[in-house]
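Engineer: So that you have it, the file is work-v7.cif, and it contains mmCIF, C-alpha atoms:
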```cif
data_entry
#
loop_
_atom_site.label_atom_id
_atom_site.label_comp_id
_atom_site.auth_asym_id
_atom_site.auth_seq_id
_atom_site.Cartn_x
_atom_site.Cartn_y
_atom_site.Cartn_z
CA VAL B 1 -16.77 4.22 18.55
CA THR B 2 -14.76 7.02 16.97
CA ILE B 3 -13.49 6.49 13.45
CA GLY B 4 -11.12 8.57 11.41
CA GLU B 5 -8.63 10.07 13.84
CA VAL B 6 -6.01 10.51 11.14
CA GLY B 7 -4.65 13.65 12.76
CA GLY B 8 -5.50 17.31 12.26
CA GLY B 9 -8.32 18.75 10.20
CA ALA B 10 -11.91 17.55 10.17
CA ASP B 11 -13.74 14.36 9.20
CA PHE B 12 -17.11 14.79 7.50
CA PHE B 13 -19.69 13.49 4.99
CA PRO B 14 -19.46 9.76 5.79
CA ALA B 15 -20.98 7.02 3.62
CA LEU B 16 -21.40 3.50 5.02
CA THR B 17 -21.66 0.00 3.57
CA VAL B 18 -22.17 -3.30 5.42
CA GLU B 19 -21.49 -6.81 4.11
CA PRO B 20 -23.48 -9.90 5.21
CA SER B 21 -20.33 -11.07 7.04
CA GLY B 22 -20.61 -8.04 9.34
CA ARG B 23 -17.66 -6.19 7.83
CA ILE B 24 -18.37 -2.44 7.87
CA SER B 25 -16.66 0.10 5.61
CA ILE B 26 -17.01 3.87 5.84
CA GLU B 27 -15.93 6.42 3.27
CA PHE B 28 -15.43 9.99 4.45
CA LEU B 29 -13.80 13.29 3.56
CA HIS B 30 -10.92 14.63 5.60
CA SER B 31 -8.89 17.84 5.59
CA ARG B 32 -5.88 16.21 7.23
CA TYR B 33 -3.22 17.73 5.05
CA TYR B 34 -4.78 21.20 5.23
CA PRO B 35 -6.07 21.68 8.82
CA ASN B 36 -6.32 25.48 8.50
CA GLN B 37 -10.00 26.41 8.19
CA ASN B 38 -9.11 28.84 5.41
CA ASP B 39 -7.97 25.89 3.29
CA ASN B 40 -10.69 24.01 1.45
CA LEU B 41 -8.52 21.11 0.26
CA VAL B 42 -9.68 17.64 1.29
CA ASP B 43 -9.04 13.95 0.57
CA THR B 44 -11.23 10.85 0.45
CA TYR B 45 -10.57 8.11 3.03
CA ILE B 46 -11.85 4.61 3.79
CA THR B 47 -11.86 2.85 7.15
CA THR B 48 -13.07 -0.69 7.87
CA SER B 49 -14.25 -2.77 10.82
CA VAL B 50 -13.83 -6.55 10.72
CA ASN B 51 -15.45 -7.11 14.15
CA ASN B 52 -18.98 -5.83 13.58
CA GLY B 53 -18.11 -2.22 14.42
CA ASP B 54 -16.40 -2.76 17.80
CA SER B 55 -13.29 -1.07 16.39
CA PHE B 56 -12.01 0.26 13.08
CA LEU B 57 -8.72 -0.19 11.24
CA PRO B 58 -6.57 2.89 10.52
CA PRO B 59 -8.09 4.96 7.70
CA VAL B 60 -6.63 4.67 4.21
CA ARG B 61 -6.35 7.61 1.82
CA VAL B 62 -7.87 6.60 -1.53
CA SER B 63 -7.74 9.92 -3.39
CA LYS B 64 -4.29 10.34 -4.92
CA LYS B 65 -4.56 14.13 -5.07
CA SER B 66 -6.16 16.64 -2.70
CA TYR B 67 -8.95 18.78 -4.10
CA ASP B 68 -10.89 21.95 -3.28
CA ALA B 69 -14.29 20.65 -2.24
CA LYS B 70 -15.89 24.10 -1.97
CA LEU B 71 -15.41 25.38 -5.50
CA ASP B 72 -19.09 24.71 -6.12
CA GLY B 73 -20.24 25.76 -2.66
CA GLY B 74 -19.94 22.22 -1.29
CA ILE B 75 -22.54 20.67 -3.60
CA SER B 76 -20.08 17.99 -4.72
CA PHE B 77 -19.95 16.73 -1.11
CA TYR B 78 -23.27 15.02 -1.74
CA TYR B 79 -21.99 13.06 -4.73
CA GLN B 80 -20.13 10.30 -2.97
CA GLY B 81 -20.86 6.83 -1.70
CA CYS B 82 -19.46 3.34 -1.36
CA SER B 83 -20.49 -0.27 -1.69
CA SER B 84 -18.76 -3.54 -0.83
CA VAL B 85 -18.98 -7.23 -1.61
CA GLN B 86 -16.84 -10.21 -0.59
CA GLY B 87 -14.09 -8.10 0.91
CA LYS B 88 -13.84 -5.59 -1.92
CA ILE B 89 -14.83 -1.96 -1.28
CA PHE B 90 -15.94 0.41 -4.04
CA PRO B 91 -15.71 4.10 -3.03
CA ILE B 92 -16.86 6.73 -5.53
CA TRP B 93 -16.79 10.53 -5.26
CA ALA B 94 -16.68 13.76 -7.27
CA ASP B 95 -13.85 16.28 -6.99
CA PHE B 96 -12.29 19.33 -8.62
CA ARG B 97 -8.63 18.32 -8.79
CA ASN B 98 -8.54 19.25 -12.51
CA GLU B 99 -9.79 22.78 -11.70
CA ASP B 100 -12.36 22.96 -14.48
CA PRO B 101 -13.00 26.69 -15.22
CA GLN B 102 -16.73 25.98 -15.53
CA MET B 103 -16.87 24.42 -12.04
CA ARG B 104 -17.60 20.92 -13.32
CA PRO B 105 -16.25 18.13 -11.10
CA ASP B 106 -14.99 14.77 -12.33
CA VAL B 107 -16.09 11.45 -10.86
CA TYR B 108 -13.44 9.12 -9.38
CA PHE B 109 -13.55 5.46 -8.43
CA SER B 110 -10.86 3.63 -6.48
CA PRO B 111 -11.61 -0.01 -5.50
CA ILE B 112 -9.96 -1.53 -2.42
CA THR B 113 -9.45 -5.26 -1.87
CA MET B 114 -9.32 -6.52 1.73
CA VAL B 115 -6.73 -9.32 1.98
CA ASP B 116 -6.31 -11.70 4.92
CA ASP B 117 -4.95 -14.81 3.12
CA VAL B 118 -2.89 -15.74 0.06
CA SER B 119 -5.83 -16.67 -2.16
CA PRO B 120 -5.73 -13.59 -4.41
CA ASP B 121 -2.78 -14.33 -6.71
CA THR B 122 -2.91 -10.90 -8.37
CA TRP B 123 -3.01 -7.49 -6.68
CA SER B 124 -4.09 -4.26 -8.38
CA ASP B 125 -5.50 -0.84 -7.42
CA ASN B 126 -5.64 -0.55 -3.59
CA VAL B 127 -4.98 -3.59 -1.39
CA TYR B 128 -5.62 -3.51 2.37
CA VAL B 129 -3.53 -6.29 4.04
CA LEU B 130 -5.01 -7.22 7.43
CA ASN B 131 -2.38 -9.67 8.75
CA THR B 132 0.89 -11.44 7.93
CA LEU B 133 0.69 -13.47 4.70
CA ASN B 134 2.84 -16.59 4.25
CA PHE B 135 3.29 -17.62 0.63
CA GLU B 136 4.43 -21.22 0.57
CA MET B 137 4.92 -23.81 -2.19
CA ASN B 138 3.01 -22.99 -5.40
CA ASN B 139 1.77 -19.62 -4.08
CA THR B 140 2.80 -16.90 -6.52
CA LEU B 141 1.78 -13.25 -6.11
CA ASP B 142 1.78 -10.85 -9.06
CA VAL B 143 1.51 -7.14 -8.22
CA ARG B 144 0.43 -4.95 -11.12
CA PRO B 145 1.68 -1.44 -11.94
CA GLY B 146 0.08 1.31 -9.87
CA THR B 147 -0.92 -0.95 -6.97
CA ARG B 148 -0.96 0.54 -3.46
CA ALA B 149 -0.62 -2.16 -0.78
CA ILE B 150 -1.49 -0.80 2.68
CA ILE B 151 -0.26 -3.24 5.32
CA ASN B 152 -1.30 -3.62 8.96
CA PRO B 153 1.47 -2.72 11.45
CA SER B 154 3.51 -5.70 12.71
CA SER B 155 2.41 -7.72 9.66
CA GLY B 156 4.48 -8.70 6.65
CA LEU B 157 4.75 -10.64 3.40
CA ASN B 158 6.77 -13.86 3.73
CA PHE B 159 7.78 -16.01 0.76
CA ASN B 160 9.16 -19.43 1.68
CA GLY B 161 8.55 -21.63 -1.32
CA GLY B 162 6.22 -19.09 -2.91
CA SER B 163 7.34 -16.22 -5.11
CA LEU B 164 6.68 -12.52 -5.68
CA ASN B 165 6.65 -10.61 -8.94
CA VAL B 166 6.24 -6.83 -8.57
CA ASN B 167 5.67 -5.35 -12.02
CA GLY B 168 6.04 -1.64 -11.37
CA GLU B 169 6.81 0.76 -14.19
CA GLU B 170 8.86 3.95 -14.14
CA ASN B 171 5.76 6.11 -14.56
CA ASN B 172 3.36 3.79 -12.75
CA GLN B 173 5.10 2.47 -9.67
CA VAL B 174 3.94 0.10 -6.93
CA TYR B 175 3.63 1.25 -3.29
CA PHE B 176 3.93 -0.78 -0.07
CA LEU B 177 2.81 1.34 2.89
CA SER B 178 2.04 0.96 6.58
CA GLN B 179 -1.54 1.53 7.69
CA SER B 180 -0.14 3.57 10.58
CA GLU B 181 2.32 6.45 10.27
CA SER B 182 3.54 5.82 13.84
CA ASN B 183 4.11 2.03 13.54
CA THR B 184 6.15 0.00 11.08
CA TRP B 185 5.18 -3.17 9.26
CA ASN B 186 7.55 -6.14 8.97
CA GLY B 187 8.47 -5.85 5.31
CA ILE B 188 8.98 -8.43 2.53
CA SER B 189 10.94 -11.60 3.30
CA PHE B 190 12.28 -14.13 0.80
CA GLY B 191 13.37 -17.44 2.26
CA VAL B 192 13.95 -20.65 0.31
CA SER B 193 12.22 -19.50 -2.85
CA ALA B 194 13.11 -18.53 -6.39
CA GLY B 195 11.85 -16.24 -9.11
CA ASN B 196 11.37 -13.22 -6.84
CA ASN B 197 11.36 -9.92 -8.68
CA ILE B 198 10.69 -6.37 -7.42
CA GLU B 199 10.98 -3.51 -9.89
CA TYR B 200 9.88 0.11 -9.56
CA ALA B 201 8.45 -0.22 -6.07
CA ASN B 202 8.27 2.26 -3.19
CA ILE B 203 8.51 0.62 0.23
CA SER B 204 7.82 2.83 3.24
CA ALA B 205 7.91 2.41 7.03
CA ALA B 206 8.94 -1.27 7.09
CA SER B 207 11.20 -2.43 9.93
CA THR B 208 13.27 -4.32 7.32
CA ALA B 209 11.99 -3.41 3.87
CA ILE B 210 13.37 -6.49 2.04
CA SER B 211 15.21 -9.47 3.52
CA THR B 212 16.39 -12.25 1.25
CA LEU B 213 18.74 -15.22 1.10
CA TYR B 214 21.77 -13.88 -0.72
CA ASN B 215 21.82 -16.68 -3.31
CA ASN B 216 18.16 -17.33 -4.17
CA GLY B 217 18.32 -15.16 -7.30
CA ALA B 218 16.17 -12.28 -6.04
CA ASN B 219 16.07 -9.34 -8.44
CA ILE B 220 15.50 -5.92 -6.81
CA GLN B 221 15.82 -2.92 -9.11
CA HIS B 222 14.67 0.71 -9.33
CA CYS B 223 13.11 0.71 -5.85
CA ASN B 224 12.76 3.55 -3.36
CA ILE B 225 12.95 2.52 0.30
CA ASN B 226 12.17 5.00 3.05
CA GLY B 227 11.92 4.70 6.83
CA GLY B 228 12.26 1.66 9.10
CA ASN B 229 15.47 0.14 10.46
CA ILE B 230 17.10 -1.74 7.55
CA GLY B 231 16.63 -1.17 3.84
CA ILE B 232 17.79 -4.48 2.30
CA TYR B 233 19.16 -7.43 4.28
CA LEU B 234 20.97 -10.24 2.44
CA TYR B 235 21.52 -13.18 4.76
CA ARG B 236 22.90 -16.70 4.83
CA GLY B 237 20.45 -19.40 5.81
CA GLU B 238 20.49 -22.92 7.15
CA GLN B 239 18.58 -24.34 4.16
CA GLU B 240 19.74 -24.66 0.59
CA PRO B 241 18.00 -22.32 -1.87
CA TYR B 242 16.21 -23.60 -4.95
CA ALA B 243 18.80 -21.98 -7.19
CA ASN B 244 22.33 -20.98 -6.26
CA ILE B 245 22.04 -17.66 -8.06
CA PRO B 246 23.38 -14.44 -6.51
CA ALA B 247 20.85 -11.71 -5.72
CA THR B 248 20.85 -8.68 -8.01
CA ILE B 249 20.42 -5.29 -6.29
CA LYS B 250 20.59 -2.39 -8.77
CA PHE B 251 19.55 1.25 -9.11
CA ASN B 252 17.76 1.48 -5.75
CA THR B 253 17.43 4.54 -3.50
CA ILE B 254 17.39 3.96 0.26
CA LEU B 255 16.69 6.92 2.56
CA SER B 256 16.04 7.60 6.25
CA THR B 257 16.64 4.09 7.57
CA ALA B 258 17.39 4.17 11.30
CA ASN B 259 20.31 1.72 11.23
CA THR B 260 21.52 0.35 7.87
CA SER B 261 20.73 0.85 4.20
CA VAL B 262 22.11 -2.51 2.99
CA LEU B 263 23.16 -5.25 5.43
CA VAL B 264 25.06 -8.29 4.10
CA ASP B 265 25.87 -11.34 6.24
CA ARG B 266 29.52 -12.40 6.42
CA GLY B 267 30.15 -15.06 3.78
CA ALA B 268 27.31 -13.98 1.51
CA SER B 269 29.30 -13.66 -1.70
CA GLY B 270 28.66 -13.05 -5.39
CA ILE B 271 25.91 -10.47 -4.86
CA VAL B 272 25.49 -7.94 -7.68
CA LEU B 273 25.23 -4.46 -6.15
CA GLN B 274 25.05 -1.33 -8.26
#
```
Turn this file's structure into structure tokens for me.
Structural biologist:
Amino acid sequence: VTIGEVGGGADFFPALTVEPSGRISIEFLHSRYYPNQNDNLVDTYITTSVNNGDSFLPPVRVSKKSYDAKLDGGISFYYQGCSSVQGKIFPIWADFRNEDPQMRPDVYFSPITMVDDVSPDTWSDNVYVLNTLNFEMNNTLDVRPGTRAIINPSSGLNFNGGSLNVNGEENNQVYFLSQSESNTWNGISFGVSAGNNIEYANISAASTAISTLYNNGANIQHCNINGGNIGIYLYRGEQEPYANIPATIKFNTILSTANTSVLVDRGASGIVLQ
């Protein structure tokens, strides 16, 4: 079984951890963004198997900045490893992103939570979403500043009775990404639900980034949406919403959508767009 395959460059220095459930996670270094052999810049990735190693999910980049791994002759390569327990992966590595003049690396740690149901009610750090999640009555999801949610292609986050609160900050935003650069995920959908809030989020490569009943009071502000077919879709539904409150869509940037930035159903009135 080949793992990695994230395009260009080389994969090397793997570290492996196995849970009693049979879930396998592998941390490795990759020079994807700098495939030229004269470039020494690399990133740290994680890939996971949920079927006892028969296949692996698309790798996820966990280092937020590339680094020169040969400043110390490659010695820092040996200072990496990972462990995992109950669906949470703990990669650790040393790198030179801060370019210390005395060639001293810093140690970095970036936990990843594997999610395949709605039981975690709070997301933080890195979240690896394995399948579509349906948040129904009394399911509330809070997403903390700085969270990176990496979502399996053709999966999505659906709120029909449940609610979403994305608490991004201007200098510490939240990211929703596809696990695959060549395939989109389904996006975030708000049905008959109330109290949905998305602020300072970046949503990439979703077929429809956000779809919501026009009068369920959804608040979507300061978001960046990139890729996919539709940025924001406000629709009329068959069911009555919990609260007849117009959606508020303000200060968002929508780029590179294949079809439409904002799509509003005929008869969906009172929406606040700015």
Engineer: Closest to Thr248 in chain B among B:Gly217, B:Pro20, B:Gly228, B:Pro14, using only C-alpha atoms?
Structural biologist: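 With only C-alpha atoms as the atom set, the closest residue is B:Gly217.
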Engineer: Which residues of range 40-92 of chain B have any atom within 8 Å of an atom in range 172-181 of chain B when counting all atoms listed in the file, and what is the closest pair of atoms for each, with the distance in Å to one decimal? Order the rows by chain and rising number and write it as JSON lines.
Structural biologist:
```
{"residue": "B:Pro58", "atom": "CA", "partner": "B:Gln179", "partner_atom": "CA", "distance": 5.9}
{"residue": "B:Pro59", "atom": "CA", "partner": "B:Gln179", "partner_atom": "CA", "distance": 7.4}
{"residue": "B:Val60", "atom": "CA", "partner": "B:Gln179", "partner_atom": "CA", "distance": 6.9}
```
Engineer: Please compute the CA of Asn126 in chain B-CA of Asn98 in chain B distance, one decimal, in Å.
Structural biologist: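 Computing the Euclidean distance for CA of Asn126 in chain B and CA of Asn98 in chain B yields 21.9 Å.
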Engineer: With all atoms listed in the file as the basis for distance, which of B:Ser155, B:Glu136, B:Phe96, B:Glu27 is at the shortest distance from Ser110 in chain B?
Structural biologist: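 Of B:Ser155, B:Glu136, B:Phe96, B:Glu27, the one nearest Ser110 in chain B, counting all atoms listed in the file, is B:Glu27.
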Engineer: Could you give me, as an MDAnalysis selection string, the residues within 9 Å of range 138-151 of chain B, counting all atoms listed in the file and dropping anything in the same chain fewer than 6 positions from it?
Structural biologist: chainID B and resid 60 118:132 159 161:169 171:180 185 200
Engineer: Taking 5 positions as the minimum chain separation for residues in the same chain, which residues sit within 9 Å of Trp93 in chain B when counting all atoms listed in the file? Answer as a list in words.
Structural biologist: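 These residues fall inside the cut-off: Thr44, Ser76, Phe77, Tyr78, Tyr79, Gln80, Gly81, Cys82, Asp106, Val107, Tyr108 and Phe109 of chain B.
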Engineer: From the list B:Leu133, B:Val264, B:Ile3, B:Asn219, which residue is nearest Ile188 in chain B when using all atoms listed in the file?
Structural biologist: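 Among the listed residues, B:Leu133 lies closest to Ile188 in chain B.
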Engineer: Have a look at CA of Phe135 in chain B and CA of Asn158 in chain B and let me know their distance in Å, one decimal.
Structural biologist: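 CA of Asn158 in chain B lies 6.0 Å from CA of Phe135 in chain B.
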Engineer: Exactly which residues make up the result of the PyMOL selection byres ((chain B and resi 190) around 6) on this file, given as number ranges by chain?
Structural biologist: B: 159, 189, 191, 212
Engineer: Go through B:Met114, B:Ala247, B:Ile92, B:Val62 one by one, measure the shortest atom-to-atom distance of each to Ser49 in chain B using all atoms listed in the file, and give the residue with the smallest value.
Structural biologist: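 Going through B:Met114, B:Ala247, B:Ile92, B:Val62 one by one, the smallest distance to Ser49 in chain B is for B:Met114.
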Engineer: CA of Leu263 in chain B and CA of Gln221 in chain B, how far apart in Å?
Structural biologist: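 For CA of Gln221 in chain B relative to CA of Leu263 in chain B, the distance reads 16.5 Å.
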Engineer: Taking into account all atoms listed in the file, which residue in the set B:Gly195, B:Pro111, B:Gly231, B:Gly53 is nearest to Asn160 in chain B?
Structural biologist: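 Looking only at the distances to Asn160 in chain B, the closest residue turns out to be B:Gly195.
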Engineer: Would you give the centre and edge lengths, in Å to one decimal, of a box along x, y and z around the listed atoms of range 187-203 of chain B, with 3 Å added to each side, as lines of an AutoDock Vina configuration file?
Structural biologist:
```
center_x = 11.1
center_y = -9.2
center_z = -2.3
size_x = 11.7
size_y = 28.9
size_z = 21.2
```
Engineer: For Val192 in chain B, which of B:Asn244, B:Gln102, B:Thr17, B:Leu41 is the closest residue, counting only C-alpha atoms?
Structural biologist: B:Asn244
Engineer: When you look at Asp43 in chain B with a cut-off of 9 Å (counting all atoms listed in the file), what residues show up, excluding the ones that are within fewer than 2 positions of it in the same chain? I need them as an MDAnalysis selection string.
Structural biologist: chainID B and resid 28:33 41 45 61:67 69
Engineer: Because the input lacks atoms here, generate N, CA, C and O atoms for range 42-59 of chain B and report them as a PDB file, in the frame of the given file.
Structural biologist:
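Saved as out_2.pdb:
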```pdb
ATOM      1  N   VAL B  42      -9.333  18.852   0.542  1.00  0.00           N
ATOM      2  CA  VAL B  42      -9.680  17.640   1.290  1.00  0.00           C
ATOM      3  C   VAL B  42      -9.224  16.408   0.515  1.00  0.00           C
ATOM      4  O   VAL B  42      -8.822  16.484  -0.640  1.00  0.00           O
ATOM      5  N   ASP B  43      -9.316  15.237   1.183  1.00  0.00           N
ATOM      6  CA  ASP B  43      -9.040  13.950   0.570  1.00  0.00           C
ATOM      7  C   ASP B  43     -10.142  12.974   0.959  1.00  0.00           C
ATOM      8  O   ASP B  43     -10.844  13.162   1.956  1.00  0.00           O
ATOM      9  N   THR B  44     -10.265  11.907   0.172  1.00  0.00           N
ATOM     10  CA  THR B  44     -11.230  10.850   0.450  1.00  0.00           C
ATOM     11  C   THR B  44     -10.524   9.688   1.142  1.00  0.00           C
ATOM     12  O   THR B  44      -9.466   9.255   0.704  1.00  0.00           O
ATOM     13  N   TYR B  45     -11.124   9.204   2.232  1.00  0.00           N
ATOM     14  CA  TYR B  45     -10.570   8.110   3.030  1.00  0.00           C
ATOM     15  C   TYR B  45     -11.574   6.978   3.166  1.00  0.00           C
ATOM     16  O   TYR B  45     -12.784   7.184   3.044  1.00  0.00           O
ATOM     17  N   ILE B  46     -11.032   5.781   3.452  1.00  0.00           N
ATOM     18  CA  ILE B  46     -11.850   4.610   3.790  1.00  0.00           C
ATOM     19  C   ILE B  46     -11.325   4.015   5.092  1.00  0.00           C
ATOM     20  O   ILE B  46     -10.110   3.921   5.298  1.00  0.00           O
ATOM     21  N   THR B  47     -12.234   3.627   5.977  1.00  0.00           N
ATOM     22  CA  THR B  47     -11.860   2.850   7.150  1.00  0.00           C
ATOM     23  C   THR B  47     -12.792   1.652   7.251  1.00  0.00           C
ATOM     24  O   THR B  47     -13.924   1.695   6.758  1.00  0.00           O
ATOM     25  N   THR B  48     -12.326   0.573   7.868  1.00  0.00           N
ATOM     26  CA  THR B  48     -13.070  -0.690   7.870  1.00  0.00           C
ATOM     27  C   THR B  48     -13.052  -1.328   9.256  1.00  0.00           C
ATOM     28  O   THR B  48     -12.055  -1.249   9.974  1.00  0.00           O
ATOM     29  N   SER B  49     -14.154  -1.962   9.611  1.00  0.00           N
ATOM     30  CA  SER B  49     -14.250  -2.770  10.820  1.00  0.00           C
ATOM     31  C   SER B  49     -14.466  -4.222  10.415  1.00  0.00           C
ATOM     32  O   SER B  49     -15.337  -4.526   9.599  1.00  0.00           O
ATOM     33  N   VAL B  50     -13.674  -5.122  10.996  1.00  0.00           N
ATOM     34  CA  VAL B  50     -13.830  -6.550  10.720  1.00  0.00           C
ATOM     35  C   VAL B  50     -14.413  -7.280  11.930  1.00  0.00           C
ATOM     36  O   VAL B  50     -14.457  -8.505  11.966  1.00  0.00           O
ATOM     37  N   ASN B  51     -14.868  -6.502  12.940  1.00  0.00           N
ATOM     38  CA  ASN B  51     -15.450  -7.110  14.150  1.00  0.00           C
ATOM     39  C   ASN B  51     -16.814  -6.505  14.480  1.00  0.00           C
ATOM     40  O   ASN B  51     -17.109  -6.210  15.634  1.00  0.00           O
ATOM     41  N   ASN B  52     -17.607  -6.307  13.426  1.00  0.00           N
ATOM     42  CA  ASN B  52     -18.980  -5.830  13.580  1.00  0.00           C
ATOM     43  C   ASN B  52     -19.068  -4.430  14.195  1.00  0.00           C
ATOM     44  O   ASN B  52     -20.050  -4.101  14.871  1.00  0.00           O
ATOM     45  N   GLY B  53     -18.057  -3.604  13.976  1.00  0.00           N
ATOM     46  CA  GLY B  53     -18.110  -2.220  14.420  1.00  0.00           C
ATOM     47  C   GLY B  53     -17.551  -1.967  15.800  1.00  0.00           C
ATOM     48  O   GLY B  53     -17.601  -0.828  16.283  1.00  0.00           O
ATOM     49  N   ASP B  54     -16.991  -2.979  16.468  1.00  0.00           N
ATOM     50  CA  ASP B  54     -16.400  -2.760  17.800  1.00  0.00           C
ATOM     51  C   ASP B  54     -15.175  -1.848  17.717  1.00  0.00           C
ATOM     52  O   ASP B  54     -14.886  -1.087  18.632  1.00  0.00           O
ATOM     53  N   SER B  55     -14.438  -1.940  16.619  1.00  0.00           N
ATOM     54  CA  SER B  55     -13.290  -1.070  16.390  1.00  0.00           C
ATOM     55  C   SER B  55     -13.065  -0.959  14.894  1.00  0.00           C
ATOM     56  O   SER B  55     -13.601  -1.752  14.113  1.00  0.00           O
ATOM     57  N   PHE B  56     -12.275   0.033  14.496  1.00  0.00           N
ATOM     58  CA  PHE B  56     -12.010   0.260  13.080  1.00  0.00           C
ATOM     59  C   PHE B  56     -10.506   0.292  12.821  1.00  0.00           C
ATOM     60  O   PHE B  56      -9.727   0.776  13.652  1.00  0.00           O
ATOM     61  N   LEU B  57     -10.115  -0.220  11.661  1.00  0.00           N
ATOM     62  CA  LEU B  57      -8.720  -0.190  11.240  1.00  0.00           C
ATOM     63  C   LEU B  57      -8.311   1.237  10.891  1.00  0.00           C
ATOM     64  O   LEU B  57      -9.167   2.093  10.633  1.00  0.00           O
ATOM     65  N   PRO B  58      -7.006   1.537  10.886  1.00  0.00           N
ATOM     66  CA  PRO B  58      -6.570   2.890  10.520  1.00  0.00           C
ATOM     67  C   PRO B  58      -7.096   3.282   9.145  1.00  0.00           C
ATOM     68  O   PRO B  58      -7.109   2.466   8.220  1.00  0.00           O
ATOM     69  N   PRO B  59      -7.551   4.516   8.991  1.00  0.00           N
ATOM     70  CA  PRO B  59      -8.090   4.960   7.700  1.00  0.00           C
ATOM     71  C   PRO B  59      -7.027   4.942   6.601  1.00  0.00           C
ATOM     72  O   PRO B  59      -5.842   5.146   6.849  1.00  0.00           O
TER      73      PRO B  59
END
```
